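**Student:** Okay, handing you the structure first.
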Amino acid sequence: MTHHTLVDILTTNRGVAKSIHYHNGEHDERRVSFTELYDRALGVLWHLQQRGAKRGDKLIIFLNHNEHFINGFWAALSGSIIPVPLAVGISDEHRHKLIRIAKKLGNPFIYTDQKQLDRLGEFAASVGESAVFEKLAQRAILTESLSDLTQAGSLTPPTPEDIAFIQFSSGSTSEPKGIVLTHKNVIANVRSATAAAAFNDKDISLSWMPLTHDMGLIGKHLFMLANQIESHLMPTELFIRRPLLWLTIATRIGATILGSPNFGYRHYLKVLGERAVEQVDLRTVRVIFNGAEPIAASLCDEFMQRLSPHGLNPNTMFPVYGLAEASLAVTFPALQTPYRVARFDRHRLAVGMAAGFASEGSRDALTIMNVGRAIPGTEVRIVAEDKSALPEGHVGHLLIKGDNVTHGYFEAPELNAQLISSDGWLDTGDLGVLIADQLFITGRAKEIIFVNGQNYYPHDLEAIAQTAPSMELGKVVAAGCRPMGSESDQLTFFVLHRGTPDEFAPIATAIRRLINEHTGLEVAHVVPVKRIPKTTSGKVQRVALENAFVAGEFADEMALLERHAAHTPVAAPTQISVESSIQGICNALLPDKNLSATDNLFEIGASSLTLIQIHEHIDQLYPGLIDLTELFDYPTVASLASHLEQKIQSANA
């Protein structure tokens, strides 16, 4: 592989008889050849340069349309303009994040569509950021205005040391971190991952991962394009709505490379339920990546057991470890080998301690997936609190080093000094142990909460919850609790409260609503506690609360709250036809919520996934009348029904 920059990949592939396939439905596929991709990139670049964009400028890409995203991404790279991909999402959190990043970037351009720009403007006005928006809107390039791509922009080749793109971390109230990746970083990871996974031009890839995520953009697009692999992309929302379509398409195209975070496998199995797998043949698959969040071995077992009779070789499950700071990939297992786990004693995994093991079935056993060894060109090291190297088999902080590792975060000198040593070792924020050079991730030093494949920071969520009535700093703690047998973290809030259930109920409701509105996350539990444990220096002992919850120490309080909720009167519906239809949909998708017509979907904790499913069912009954984002404007069954009836009347008129 002779590529030195990402633009080398684009230009080398010009004329190669391969394509990217965009799947927007079961029978809705658009094919774009590598040559057409090159031409479209330069066509969009012409428009960017006409608007004044030049080498070194920043371009925010704010689109949920895969083809438009990729065209804009490659257009920017071709002009040595720095793309900054940001997730559109369906909540205000994503728009607020964009506003903060725009201010941080200085005077960026933005590549988006009219609908997203309008919504961004409305949000900016509501939070007093109209000045920031107006400045950004003056440098907006809208996809609708780019009907003519026949004129080619001026190709401005980057150097390997130039910034390729900036990936910003998730964050709802704190300053987002911009991970700066150079062309040299990404190309180094392309080479290493290619060697470790044996990517080749006979492969066929299928992905539903968002292109704003490093696994989607780097792993499922850049790795594939660099190896001249025929690749197929389906929108994330399509997978969320119709997860079974993922393997139906894989069968149709003869996919050899698949992948998903933990929650994607769970979502597929949940929707599949007890139904038989039909019209699926996965004999062509040689590797199915599993990464981006903690990997549940039991879920891998269940997924492979359900799909093995349909041709999926058990040795194709490929648990990996990576992060955006490493341009994605850090460790891979050996190809075509069974995935392996180790059972550690959960009480013997402290930093600096020799990891202890537990027998299968032990109450102290914590099963952790083996995510393989460092890929070529990447080094990993386990260190103590003082950064000194620990012997093999000891738990410590995971550091990484290599040409693929970022040299720093965007305009964050203090953070860079804290996390990156003078000789290039980066602290990942994760804890792990090496056993025979095989890596096991044991925990998260930064206390990240993993929900639905995304990482969230407790202090961000706590800052949102603290805006609830009567909440103050230090009275609420966010945590990711994982009860025995659960495959993922459950977002849980511990609230300092010494009153009655009557007094606590509105507090819990407000926290659920605020978190749902700002992040799209569903809060699993809001727990009243009499005391919040802290260290002598005043730091909250989050793990102590998590362990107490998992051990059942708050069971009595939770039971009391459930009895209180069961005796709370439910408001009667005020309308009949449309409202009853919507209420039936909501109750079917939220069977444990006892939803009334006046309940706020955010207050009762409907997740983003559930909202998408609710919208899909409503759209089947009333096609094209309700946009997904209108559920945020009309969050109760009654208000949504009234709004929909007005639309029906207008349509009939």
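Here, A, B, ... name the chains of the structure tokens in the order displayed, residue numbers run from 1 inside each chain, and ligands are numbered from 1 in the same displayed order.
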Per residue of stretch 97-169 of chain A within 7 Å of stretch 46-58 of chain A, which atom pair is closest and at what distance in Å (one decimal), using only C-alpha atoms, listed by chain and increasing number, as a Markdown table?

**Tutor:**
| residue | atom | partner | partner_atom | distance |
| --- | --- | --- | --- | --- |
| A:Pro108 | CA | A:Lys58 | CA | 4.9 |
| A:Phe109 | CA | A:Lys58 | CA | 6.2 |
| A:Gln151 | CA | A:Trp46 | CA | 6.5 |
| A:Ala152 | CA | A:Trp46 | CA | 5.5 |
| A:Gly153 | CA | A:Trp46 | CA | 3.7 |
| A:Ser154 | CA | A:Trp46 | CA | 7.0 |

**Student:** With a distance cut-off of 9 Å and only C-alpha atoms, select the neighbouring residues of stretch 476-489 of chain A, excluding the residue or stretch itself and same-chain residues fewer than 5 positions from it, and output the selection as a compact mmCIF listing (two decimals) with C-alpha atoms, in the first residue's frame.

**Tutor:**
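And here is the file that came out, out-v1.txt:
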# COMPACT_ATOMS: atom_id res chain seq x y z
CA ASN A 262 -22.76 -4.65 21.54
CA PHE A 263 -26.14 -2.93 21.50
CA ARG A 266 -28.93 -7.00 21.26
CA PRO A 294 -17.96 -3.15 26.41
CA ILE A 295 -18.59 -6.56 24.87
CA ALA A 296 -20.98 -9.00 26.58
CA ALA A 297 -19.79 -12.57 26.07
CA SER A 298 -23.28 -13.93 26.80
CA LEU A 299 -24.70 -11.77 24.02
CA ARG A 363 -21.05 -14.76 42.49
CA GLU A 447 -16.26 6.55 34.67
CA ILE A 448 -17.82 6.72 31.23
CA ILE A 449 -21.38 5.42 31.08
CA PHE A 450 -22.02 3.26 27.99
CA VAL A 451 -25.59 3.30 26.68
CA ASN A 452 -26.71 2.09 23.23
CA TYR A 457 -19.92 11.43 30.94
CA PRO A 458 -21.56 11.39 34.39
CA HIS A 459 -20.76 15.01 35.17
CA ASP A 460 -22.50 16.08 31.94
CA LEU A 461 -25.66 14.19 32.85
CA GLU A 462 -25.51 15.41 36.44
CA ALA A 463 -25.31 19.01 35.27
CA ALA A 465 -30.28 16.77 36.22
CA GLN A 466 -29.25 19.58 38.55
CA MET A 471 -31.75 20.08 42.80
CA PHE A 494 -28.96 8.64 42.80
CA VAL A 495 -30.63 11.64 44.42
CA LEU A 496 -30.06 12.85 47.95
CA ILE A 532 -23.96 10.29 48.95
CA VAL A 540 -18.14 11.34 44.95
CA ARG A 542 -19.67 6.65 42.29
CA VAL A 543 -18.57 3.01 42.29
CA LEU A 545 -23.26 3.65 44.86
CA GLU A 546 -23.21 1.36 41.81
CA ASN A 547 -22.13 -1.61 43.91
CA PHE A 549 -27.48 -0.72 43.91
CA VAL A 550 -26.39 -3.98 42.25
CA ALA A 551 -26.25 -5.63 45.70

**Student:** Mind the document's chain letters and residue numbers, and return as a list in words the residues of stretch 371-418 of chain A that DSSP labels strand (DSSP E).

**Tutor:**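 These are the residues in question: Arg373, Ala374, Thr378, Glu379, Val380, Arg381, Ile382, Val383, Gly396, His397, Leu398, Leu399, Ile400, Lys401 and Gly402 of chain A.
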
**Student:** Please determine, counting only C-alpha atoms, which residue among A:Lys387, A:Leu621, A:Trp74, A:Phe69 has the shortest atom-to-atom distance to A:Ala164.

**Tutor:**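 Of the candidates, the smallest distance to A:Ala164 is held by A:Trp74.
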
**Student:** Out of A:Asn370, A:Thr331, A:Gln490, A:Thr143, which residue has the shortest atom-to-atom distance to A:Ile70 when counting only C-alpha atoms?

**Tutor:**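 When distances to A:Ile70 are compared using only C-alpha atoms, the smallest one comes from A:Thr143.
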
**Student:** Excluding stretch 247-256 of chain A and its own-chain neighbours fewer than 2 positions away, which residues fall within 9 Å of it when counting only C-alpha atoms? Please give them as an MDAnalysis selection string.

**Tutor:** chainID A and resid 23 26 202:206 231:232 243:245 258 278:288

**Student:** Tell me which protein, DNA and RNA residues are within 9 Å of stretch 389-403 of chain A, counting only C-alpha atoms, leaving out same-chain ones fewer than 2 positions away, and put them as a PyMOL selection string.

**Tutor:** chain A and resi 184-189+326+330+348-356+377-387+405-406+423-437+441-442+445
